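Scroll down for the structure; my scribbles are underneath it.
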Amino acid sequence: MKDFVIPDRDFGTPAAKSKTMVTLTIDGFDITVPEGTSIMRAAAEIGISVPKLCATDSLDAFGSCRLCLVEIEGRNGTPASCTTPVAPGIKVHTQNSKLKQLRRGVMELYISDHPLDCLTCSANGDCELQDMAGAVGLRDVRYEAVDTHFKAKNTSGEANPQWMPKDDSNPYFTYDPAKCIVCSRCVRACEEVQGTFALTIEGRGFDSRVSFGAKTDTALTSDCVSCGACVQACPTATLQEKSIIDIGTPERSVITTCAYCGVGCSFKAEMRGDELVRMTPYKHGKANRGHSCVKGRFAYGYASHKDRILSPMIRDKITDPWQEVSWDEAMEFTANRMKGLIEKHGRQSVGVITSSRCTNEEAYLVQKLTRAVFMNNNTDTCARVCHSPTGYGLGQTFGTSAGTQDFDSVEETDVVILIGANPTDGHPVFASRLKKRLRAGAKLIVIDPRRIDLVDNSAHIRAAHHLALTPGTNVAVVTAIAHTIVTEGLFDEEFIRTRCDWDEFQDYAEFVSDARHSPEATQLLTGVKADELRAAARLYAKGGNGAIYYGLGVTEHSQGSTTVIGIANLAMLTGNIGRPGVGVNPLRGQNNVQGSCDMGSFPHELPGYRHVKNDSVREVFESIWGVKIDNEPGLRIPNMLDAAVEGTFKGLYCQGEDILQSDPDTKHVAAGLAAMECVIVHDLFLNETANYAHVFFPGSSFLEKDGTFTNAERRINRVRKVMAPKQGYADWEVTQLFAQAMGADWHYTHPSQIMDEIAMLTPSFAGVSYEKLETMGSIQWPCNESAPEGTPLMHIDGFVRGKGKFIRTEYVATDEKTGPRFPLLLTTGRILSQYNVGAQTRRTENVVWHEEDLLEIHPHDAELRGVRDGQYVKLASRSGETSLKAKITDRVSPGVVYTTFHHPTTQANVITTDFSDWATNCPEYKVTAVQVSPSNGPTEWQEDYAEQAAQSRRILAAE
Amino acid sequence: MSADPHEKLIYMANQISKFFESKPHAEGVAGIAAHINDFWEPRMRRHLFEVVDAGGTGLRPLVMEAAQTIRRPAPEHA
């Protein structure tokens with residue numbers, strides 16, 4: 001599709017990477033380009049656009065449309081400029097009477113089998129076929145086609161067997177075969193960019209047709225993951241967004257950042273007035289390089305969903321219905337309550353939760369609110385329940401709480417270890433980049449209890465090793481890998497001697513060399529065969545550039561922090577740190593988990609990961625904020641809930657986070673919330689937590705505010721306001737109004753001023769400003785005097801902490817053990833089409849792919865229990881019970897069951913326990929001992945809960 | 001786990017201890033104390049000392065040793 005307003009030029013073919021330069025002449029102009037560049041691209045570099053249809057610079061050249069023909073002096077014929085590389089000294093002509101005539105002939109043939117309904121066509125004004133007809137000066141079509149693909153009936157009224165109806169089964173785009181010119185751009189995009197291979201060309205010659213999977217498949221029933229790459233690549237109306245069909249073409253576009261996962265894709269929000277027409281991936285976005293997934297590309301409808309609350313609401317008791325009030329009244333009510341609580345119960349009795357979905361600037365203000373206005377350190381964020389062990393583990397070993405690489409790094413990786421992450425569902429755009437590298441020959445080691453798609457269910461990819469461990473034994477597996485590397489002498493001694501502490505290495509080597517850490521000794525415990533583990537360890541240590549990517553399957557365990565340390569140890573042992581293609585890479589769950597952590601959302605540290613106990617750090621903030629900062633760590637989320645049940649914690653301001661649904665042990669969370677006297681929920685929707693709230697501040701979507709998100713590669717990306725906030729204020733303004741009502745003297749007029757304050761107070765952000773983001777597009781922190789343009793790769797010459805630190809990783813079995821009552825292990829995850837607790841994606845058409853959470857159970861376990869596919873089952877743990885439908889599959893091992901947690905009715909967290917990581921209290925979501933039995937339907941708890949939720953969501957009619 | 005705050009804190013302290021028990025003794029003791037000082041808010045440490053002062057029933061020996069260097073929190077409502 002063509003770009004609007006300030007089009008991103010399409011150079012026709014991808015850039016060549018060679019360092020050798022070649023000079024040639026095109027239409028009399030000299031041009032020097034890297035060896036391997038196509039003539040088409042070289043011409044585009046000097047501003048000459050050779051007509052083309054099948055070429056686009058996101059895909060390798062294909063040479064099928066024959067429109068881009070050129071003449072080269074001294075060579076025969078008219079080669080296609082897309083597939084012909086440059087050569088030194090050649091003289092190319094892109095326009096002469098012979099070429100003109102040839103191109104016009106090609107266009108005539110194309111148009112003879114294409115409907116001429118341009119005026120009413122959804123691609124009108126956005127059609128490359130239309131543009132090329134103009135470009136070649138097509139004025140007449142001499143051919144009266146007898147057979148066509150676009151006429152439903154022939155002149156005698158008989159049905160045309162070549163005609164196929166439009167496929168509108170996908171909720172977001174249509175496939176209209178009548179408009180297709182069979183340029184193969186969609187098929188190649190699905191293959192090269194997305195890596196799904198859902199599309200193919202069926203038939204040959206005149207019978208060639210684009211087809212989703214088999215002949216009987218539709219777009220929806222095929223393997224298509226609705227990433228939008230084919231729609232993006234299509235030059236005509238054949239693959240077209242339904243929003244364009246409904247609304248028309250956009251008139252301007254604004255570059256912004258997706259608000260879903262931690263990949264942080266750059267998008268163009270294409271607008272008509274203040275209506276969002278479509279989101280298209282931004283080619284120059286450095287995280288996504290022009291690719292997208294179904295969530296970011298299409299699932300933005302929640303922002304205008306009818307469930308959105310647009311007026312502030314208050315109520316005296318949580319059993320009362322909500323009352324809509326003005327912002328002024330809401331602020332007065334809330335401030336009075338909170339002030340009353342502080343007066344009566346002390347300044348430690350209240351706190352905040354910052355959002356990993358909101359901007360850096362918003363998270364910063366919320367933690368500032370508690371530190372500088374409430375005067376305590378009671379701030380936490382949803383990273384507590386996902387990546388807090390990453391912060392601890394990488395902080396201890398490397399000295400910084402972040403991934404070491406950028407996403408581009410995967411292009412130079414030879415061996416990937418993927419632990420406890422399922423990127424094709426959780427981080428799809430990164431998965432596509434990873435798959436591309438794997439198809440080019442890199443090796444993959446998957447460590448996961450479940451047979452995720454990357455093991456053997458992705459086209460042209462097969463993992464070299466799948467270590468299907470028993471949930472909860474990560475540390476034993478990682479330590480056994482280290483054992484193999486050390487005892488077989490596969491470690492990188494030179495790296496360790498120069499970059500790490502040699503004494504600490506020797507201590508660690510002695511520890512892991514003990515026979516009890518050998519793969520043979522641990523295999524009974526972990527379920528991983530010793531020879532498979534040894535082979536994987538050898539591959540990682542000696543297979544070239546080794547990179548580790550990991551997710552919540554690592555962190556959400558009682559030994560989450562220990563596993564992160566173990567992973568860091570592996571990277572140091574093998575010297576896989578500090579250059580492209582290697583590193584330790586946490587895949588972050590939410591869009592701004594990294595940012596919310598950076599911004600001082602944790603109760604023990606100020607922005608930039610500096611502990612509140614450090615006088616010098618507090619003094620800097622105290623001098624700018626004009627307050628005294630508490631030197632004691634504050635309450636973490638679980639502590640807040642415990643303290644609430646105890647009666648010492650009374651008031652909570654919770655921005656953009658649904659702790660009742662997303663935190664473990666729902667009953668304990670509900671008890672904690674119910675014990676509080678002022679719960680303020682600041683969100684787009686009346687979420688589950690709001691059932692226990694006294695105040696509701698309506699939130700603004702990412703389309704309605706300015707700010708920044710920081711993705712998993714530490715990349716600070718701009719979020720830009722494309723429409724006015726529907727409820728009146730951006731979230732940072734709401735926090736400021738609240739702070740002012742509490743007596744604070746805050747007067748920010750734009751988020752850039754908040755970023756300036758962050759930069760002033762935080763050394764790793766010292767060089768960040770909106771001006772620099774404007775010119776550079778994005779910045780990876782640290783960005784300061786020594787790295788004015790940011791830091792794509794960390795720990796290049798030395799670790800942030802100085803010497804890398806090896807730390808012993810003793811395996812301690814979780815106390816969550818199976819037994820006669822609860823013989824199965826439940827582990828949890830997510831699915832491509834849904835996001836987190838589903839508050840956003842459930843309010844989009846994405847529900848066609850996943851309307852409810854299912855329990856995956858192995859056929860053996862199902863048969864033992866008389867469980868049938870699609871039938872309701874009861875899932876019980878020692879914490880509680882819930883019911884959902886079963887899906888029988890051998891993707892899970894016997895003894896293991898799996899579910900997602902996207903739907904509130906499922907109440908998966910009624911089942912999870914309050915066991916947590918020893919270092920950070922990150923909950924042990926990934927291991928719960930359960931029993932499964934056939935059931936008739938929802939449990940009593942689910943029914944009671946639904947009743948309470950319905951009661952709680954009542955809103956009084958306006959008077 | 002029960003609602004008893006002590007029971008939960010004993011469990012958490014012992015969890016921390018198990019990580020540090022694989023380290024050389026002095027480093028382990030210092031590690032536990034530093035960890036609790038850095039991450040446990042005063043209310044939690046107050047509850048911990050209630051257990052320690054009552055003889056430390058249920059706490060692993062290394063936690064008891066570390067308690068010497070864990071900061072005693074200021075009295076409530078400071």
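Following the order of the structure tokens, first chain is A, next is B, and so on, with residues numbered from 1 inside each chain and ligands from 1 in the order they appear.
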
Kindly provide the residues of chain A that approach chain B to within 7 Å, each paired with its closest atom pair and their distance in Å to one decimal, based on only C-alpha atoms, listed by chain and increasing number, as JSON lines.
```
{"residue": "A:Gly346", "atom": "CA", "partner": "B:His77", "partner_atom": "CA", "distance": 5.8}
{"residue": "A:His604", "atom": "CA", "partner": "B:Phe39", "partner_atom": "CA", "distance": 6.2}
{"residue": "A:Glu632", "atom": "CA", "partner": "B:Glu41", "partner_atom": "CA", "distance": 6.4}
{"residue": "A:Pro633", "atom": "CA", "partner": "B:Glu41", "partner_atom": "CA", "distance": 5.0}
{"residue": "A:Gly634", "atom": "CA", "partner": "B:Glu41", "partner_atom": "CA", "distance": 5.2}
{"residue": "A:Leu635", "atom": "CA", "partner": "B:Glu41", "partner_atom": "CA", "distance": 6.0}
{"residue": "A:Arg808", "atom": "CA", "partner": "B:Ser22", "partner_atom": "CA", "distance": 6.9}
{"residue": "A:Glu810", "atom": "CA", "partner": "B:Ser22", "partner_atom": "CA", "distance": 6.4}
{"residue": "A:Trp918", "atom": "CA", "partner": "B:Gln15", "partner_atom": "CA", "distance": 5.4}
{"residue": "A:Ala919", "atom": "CA", "partner": "B:Ile16", "partner_atom": "CA", "distance": 6.6}
```

Can you write out the residues you just picked, keeping C-alpha atoms, as a compact mmCIF listing (two decimals), in the first residue's frame?
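Heads up, here's the output in result-v3.txt:
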```
# COMPACT_ATOMS: atom_id res chain seq x y z
CA GLY A 346 -0.13 7.94 59.28
CA HIS A 604 13.15 0.50 47.30
CA GLU A 632 13.27 3.12 54.17
CA PRO A 633 11.96 0.84 51.40
CA GLY A 634 8.21 1.00 50.97
CA LEU A 635 5.55 -1.65 50.47
CA ARG A 808 26.12 -19.87 43.01
CA GLU A 810 21.57 -23.83 44.39
CA TRP A 918 12.51 -15.53 47.23
CA ALA A 919 14.17 -12.25 46.25
```

Q.
To test your reading of the structure, identify every residue in chain B that backbone DSSP assigns to alpha helix (DSSP H), and report it as a PyMOL selection string.
A. chain B and resi 5-20+25-39+42-53+61-66

With N, CA and C atoms retained, export the selected residues as a compact mmCIF listing (two decimals), in the first residue's frame.
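Once everything was written out, this is result-v1.txt:
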```txt
# COMPACT_ATOMS: atom_id res chain seq x y z
N PRO B 5 0.64 -12.91 60.02
CA PRO B 5 1.75 -12.25 59.31
C PRO B 5 3.09 -12.89 59.64
N HIS B 6 3.22 -13.42 60.86
CA HIS B 6 4.51 -14.00 61.24
C HIS B 6 4.83 -15.22 60.41
N GLU B 7 3.83 -16.07 60.23
CA GLU B 7 4.05 -17.30 59.50
C GLU B 7 4.57 -17.01 58.08
N LYS B 8 3.96 -16.02 57.44
CA LYS B 8 4.36 -15.67 56.08
C LYS B 8 5.78 -15.11 56.04
N LEU B 9 6.11 -14.28 57.03
CA LEU B 9 7.44 -13.67 57.04
C LEU B 9 8.52 -14.69 57.36
N ILE B 10 8.18 -15.63 58.24
CA ILE B 10 9.14 -16.69 58.56
C ILE B 10 9.44 -17.47 57.28
N TYR B 11 8.38 -17.74 56.53
CA TYR B 11 8.53 -18.48 55.28
C TYR B 11 9.43 -17.71 54.32
N MET B 12 9.15 -16.42 54.18
CA MET B 12 9.93 -15.60 53.25
C MET B 12 11.39 -15.48 53.69
N ALA B 13 11.61 -15.30 54.97
CA ALA B 13 12.99 -15.17 55.47
C ALA B 13 13.75 -16.48 55.23
N ASN B 14 13.08 -17.59 55.46
CA ASN B 14 13.73 -18.89 55.24
C ASN B 14 14.03 -19.12 53.76
N GLN B 15 13.13 -18.63 52.89
CA GLN B 15 13.37 -18.74 51.44
C GLN B 15 14.65 -18.00 51.07
N ILE B 16 14.80 -16.79 51.61
CA ILE B 16 16.00 -16.00 51.34
C ILE B 16 17.22 -16.73 51.87
N SER B 17 17.06 -17.29 53.05
CA SER B 17 18.17 -18.02 53.67
C SER B 17 18.64 -19.16 52.79
N LYS B 18 17.69 -19.90 52.21
CA LYS B 18 18.07 -21.06 51.40
C LYS B 18 18.93 -20.66 50.21
N PHE B 19 18.67 -19.47 49.66
CA PHE B 19 19.54 -19.03 48.57
C PHE B 19 20.95 -18.77 49.08
N PHE B 20 21.05 -18.13 50.24
CA PHE B 20 22.37 -17.72 50.71
C PHE B 20 23.13 -18.83 51.42
N HIS B 25 29.99 -19.04 54.62
CA HIS B 25 29.15 -18.67 55.76
C HIS B 25 29.01 -17.16 55.97
N ALA B 26 30.13 -16.48 56.07
CA ALA B 26 30.08 -15.04 56.39
C ALA B 26 29.34 -14.27 55.30
N GLU B 27 29.60 -14.67 54.06
CA GLU B 27 28.95 -13.99 52.92
C GLU B 27 27.44 -14.24 52.95
N GLY B 28 27.07 -15.45 53.33
CA GLY B 28 25.66 -15.81 53.41
C GLY B 28 24.93 -14.99 54.45
N VAL B 29 25.54 -14.86 55.63
CA VAL B 29 24.91 -14.09 56.72
C VAL B 29 24.77 -12.64 56.28
N ALA B 30 25.84 -12.09 55.72
CA ALA B 30 25.80 -10.69 55.29
C ALA B 30 24.77 -10.52 54.17
N GLY B 31 24.68 -11.52 53.30
CA GLY B 31 23.75 -11.45 52.18
C GLY B 31 22.31 -11.39 52.65
N ILE B 32 21.96 -12.22 53.60
CA ILE B 32 20.58 -12.23 54.11
C ILE B 32 20.25 -10.87 54.73
N ALA B 33 21.17 -10.39 55.59
CA ALA B 33 20.91 -9.12 56.27
C ALA B 33 20.76 -7.99 55.25
N ALA B 34 21.66 -7.96 54.27
CA ALA B 34 21.59 -6.88 53.28
C ALA B 34 20.30 -6.98 52.48
N HIS B 35 19.91 -8.19 52.14
CA HIS B 35 18.71 -8.35 51.33
C HIS B 35 17.48 -7.86 52.10
N ILE B 36 17.38 -8.26 53.35
CA ILE B 36 16.21 -7.85 54.13
C ILE B 36 16.25 -6.34 54.41
N ASN B 37 17.43 -5.82 54.67
CA ASN B 37 17.53 -4.37 54.88
C ASN B 37 17.12 -3.59 53.63
N ASP B 38 17.49 -4.11 52.50
CA ASP B 38 17.23 -3.38 51.25
C ASP B 38 15.78 -3.48 50.78
N PHE B 39 15.15 -4.62 51.04
CA PHE B 39 13.85 -4.83 50.39
C PHE B 39 12.65 -4.94 51.35
N PRO B 42 9.73 -1.34 56.87
CA PRO B 42 9.84 -1.39 58.33
C PRO B 42 8.79 -2.31 58.99
N ARG B 43 7.56 -2.28 58.48
CA ARG B 43 6.51 -3.10 59.09
C ARG B 43 6.90 -4.58 59.07
N MET B 44 7.44 -5.01 57.94
CA MET B 44 7.84 -6.42 57.83
C MET B 44 8.99 -6.73 58.77
N ARG B 45 9.94 -5.82 58.86
CA ARG B 45 11.09 -6.08 59.75
C ARG B 45 10.64 -6.07 61.21
N ARG B 46 9.65 -5.22 61.51
CA ARG B 46 9.12 -5.17 62.86
C ARG B 46 8.53 -6.54 63.22
N HIS B 47 7.72 -7.09 62.29
CA HIS B 47 7.15 -8.41 62.53
C HIS B 47 8.25 -9.46 62.67
N LEU B 48 9.29 -9.32 61.84
CA LEU B 48 10.38 -10.31 61.90
C LEU B 48 11.05 -10.27 63.27
N PHE B 49 11.27 -9.04 63.76
CA PHE B 49 11.92 -8.95 65.07
C PHE B 49 11.02 -9.46 66.20
N GLU B 50 9.71 -9.37 66.00
CA GLU B 50 8.82 -9.95 67.01
C GLU B 50 9.10 -11.45 67.13
N VAL B 51 9.35 -12.08 65.98
CA VAL B 51 9.65 -13.51 65.99
C VAL B 51 11.05 -13.75 66.56
N VAL B 52 12.02 -12.96 66.09
CA VAL B 52 13.40 -13.13 66.56
C VAL B 52 13.48 -12.94 68.06
N ASP B 53 12.84 -11.89 68.55
CA ASP B 53 12.94 -11.57 69.98
C ASP B 53 12.25 -12.63 70.84
N PRO B 61 18.65 -21.17 61.12
CA PRO B 61 19.73 -20.60 61.94
C PRO B 61 20.42 -19.40 61.28
N LEU B 62 20.59 -19.47 59.95
CA LEU B 62 21.31 -18.38 59.28
C LEU B 62 20.54 -17.06 59.38
N VAL B 63 19.21 -17.13 59.39
CA VAL B 63 18.41 -15.92 59.55
C VAL B 63 18.64 -15.35 60.94
N MET B 64 18.67 -16.21 61.93
CA MET B 64 18.90 -15.74 63.30
C MET B 64 20.26 -15.04 63.41
N GLU B 65 21.25 -15.63 62.74
CA GLU B 65 22.58 -15.00 62.78
C GLU B 65 22.55 -13.65 62.08
N ALA B 66 21.84 -13.61 60.93
CA ALA B 66 21.78 -12.36 60.16
C ALA B 66 21.02 -11.29 60.92
```

Q) What is the atom CA of Asp453 of chain A to atom CA of Leu467 of chain A distance in Å? A)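 Pair atom CA of Asp453 of chain A / atom CA of Leu467 of chain A returns 14.1 Å.
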
I'd like the neighbourhood of segment 58-66 of chain A as a tab-separated table (two decimals) with N, CA, C and O atoms, in the first residue's frame, where a residue qualifies if any of its atoms comes within 7 Å (using only C-alpha atoms), though same-chain residues fewer than 4 positions away should be ignored.
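As a result, around_31.tsv now contains:
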```tsv
chain	number	residue	atom	x	y	z
A	13	THR	N	13.78	-2.65	-3.63
A	13	THR	CA	14.43	-3.86	-3.12
A	13	THR	C	15.16	-3.49	-1.84
A	13	THR	O	15.47	-2.32	-1.61
A	14	PRO	N	15.43	-4.47	-0.97
A	14	PRO	CA	16.09	-4.17	0.32
A	14	PRO	C	17.50	-3.61	0.11
A	14	PRO	O	18.12	-3.84	-0.94
A	53	LEU	N	5.63	-3.23	-10.10
A	53	LEU	CA	4.45	-3.74	-9.41
A	53	LEU	C	4.79	-4.83	-8.40
A	53	LEU	O	4.30	-4.83	-7.29
A	54	CYS	N	5.67	-5.77	-8.79
A	54	CYS	CA	5.92	-6.89	-7.88
A	54	CYS	C	7.04	-6.61	-6.91
A	54	CYS	O	7.30	-7.40	-6.03
A	80	ALA	N	15.17	-6.89	-16.01
A	80	ALA	CA	14.38	-6.28	-14.93
A	80	ALA	C	15.33	-5.61	-13.96
A	80	ALA	O	16.32	-6.21	-13.53
A	82	CYS	N	14.88	-4.81	-10.94
A	82	CYS	CA	14.79	-5.27	-9.54
A	82	CYS	C	15.72	-6.44	-9.29
A	82	CYS	O	16.26	-6.57	-8.20
A	83	THR	N	15.89	-7.31	-10.28
A	83	THR	CA	16.71	-8.51	-10.08
A	83	THR	C	18.12	-8.37	-10.64
A	83	THR	O	18.92	-9.27	-10.51
A	183	CYS	N	0.96	-10.74	-8.21
A	183	CYS	CA	2.34	-10.25	-8.15
A	183	CYS	C	3.15	-11.02	-7.10
A	183	CYS	O	4.36	-10.85	-7.01
A	188	ARG	N	5.00	-13.63	-0.61
A	188	ARG	CA	6.38	-13.43	-0.16
A	188	ARG	C	6.43	-12.74	1.20
A	188	ARG	O	7.30	-13.04	2.02
A	189	ALA	N	5.49	-11.82	1.47
A	189	ALA	CA	5.47	-11.15	2.78
A	189	ALA	C	5.17	-12.17	3.87
A	189	ALA	O	5.79	-12.15	4.94
A	192	GLU	N	8.59	-14.27	3.92
A	192	GLU	CA	9.85	-13.62	4.30
A	192	GLU	C	9.73	-12.78	5.56
A	192	GLU	O	10.63	-12.75	6.39
```

Q: Identify, on the basis of only C-alpha atoms, every residue whose closest approach to Glu688 of chain A does not exceed 8 Å; exclude the query and any residue fewer than 3 positions from it along the same chain; express the result as a list of chain:residue names.
A: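 My reading of the contact set: A:Asp658, A:Ile659, A:Leu660, A:Gln661, A:Asn691, A:Tyr692, A:Pro904, A:Ala949.
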
What does the file look like for those residues with N, CA and C atoms, as a tab-separated table (two decimals), in the first residue's frame?
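The resulting file, selection12.tsv, is reproduced below:
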```
chain	number	residue	atom	x	y	z
A	658	ASP	N	-4.76	-3.97	36.74
A	658	ASP	CA	-5.93	-4.66	37.28
A	658	ASP	C	-5.47	-5.76	38.21
A	659	ILE	N	-5.10	-5.37	39.45
A	659	ILE	CA	-4.46	-6.35	40.33
A	659	ILE	C	-5.40	-7.48	40.72
A	660	LEU	N	-6.69	-7.21	40.73
A	660	LEU	CA	-7.60	-8.29	41.14
A	660	LEU	C	-7.59	-9.42	40.12
A	661	GLN	N	-7.43	-9.06	38.84
A	661	GLN	CA	-7.40	-10.13	37.85
A	661	GLN	C	-6.00	-10.66	37.61
A	691	ASN	N	-14.19	-3.14	41.03
A	691	ASN	CA	-15.29	-3.66	41.85
A	691	ASN	C	-15.09	-3.30	43.32
A	692	TYR	N	-13.83	-3.03	43.69
A	692	TYR	CA	-13.53	-2.71	45.08
A	692	TYR	C	-13.11	-1.24	45.24
A	904	PRO	N	-11.75	-12.74	32.44
A	904	PRO	CA	-11.99	-12.65	33.88
A	904	PRO	C	-12.91	-13.76	34.39
A	949	ALA	N	-19.59	-8.61	40.83
A	949	ALA	CA	-19.08	-7.69	39.81
A	949	ALA	C	-20.23	-6.90	39.18
```
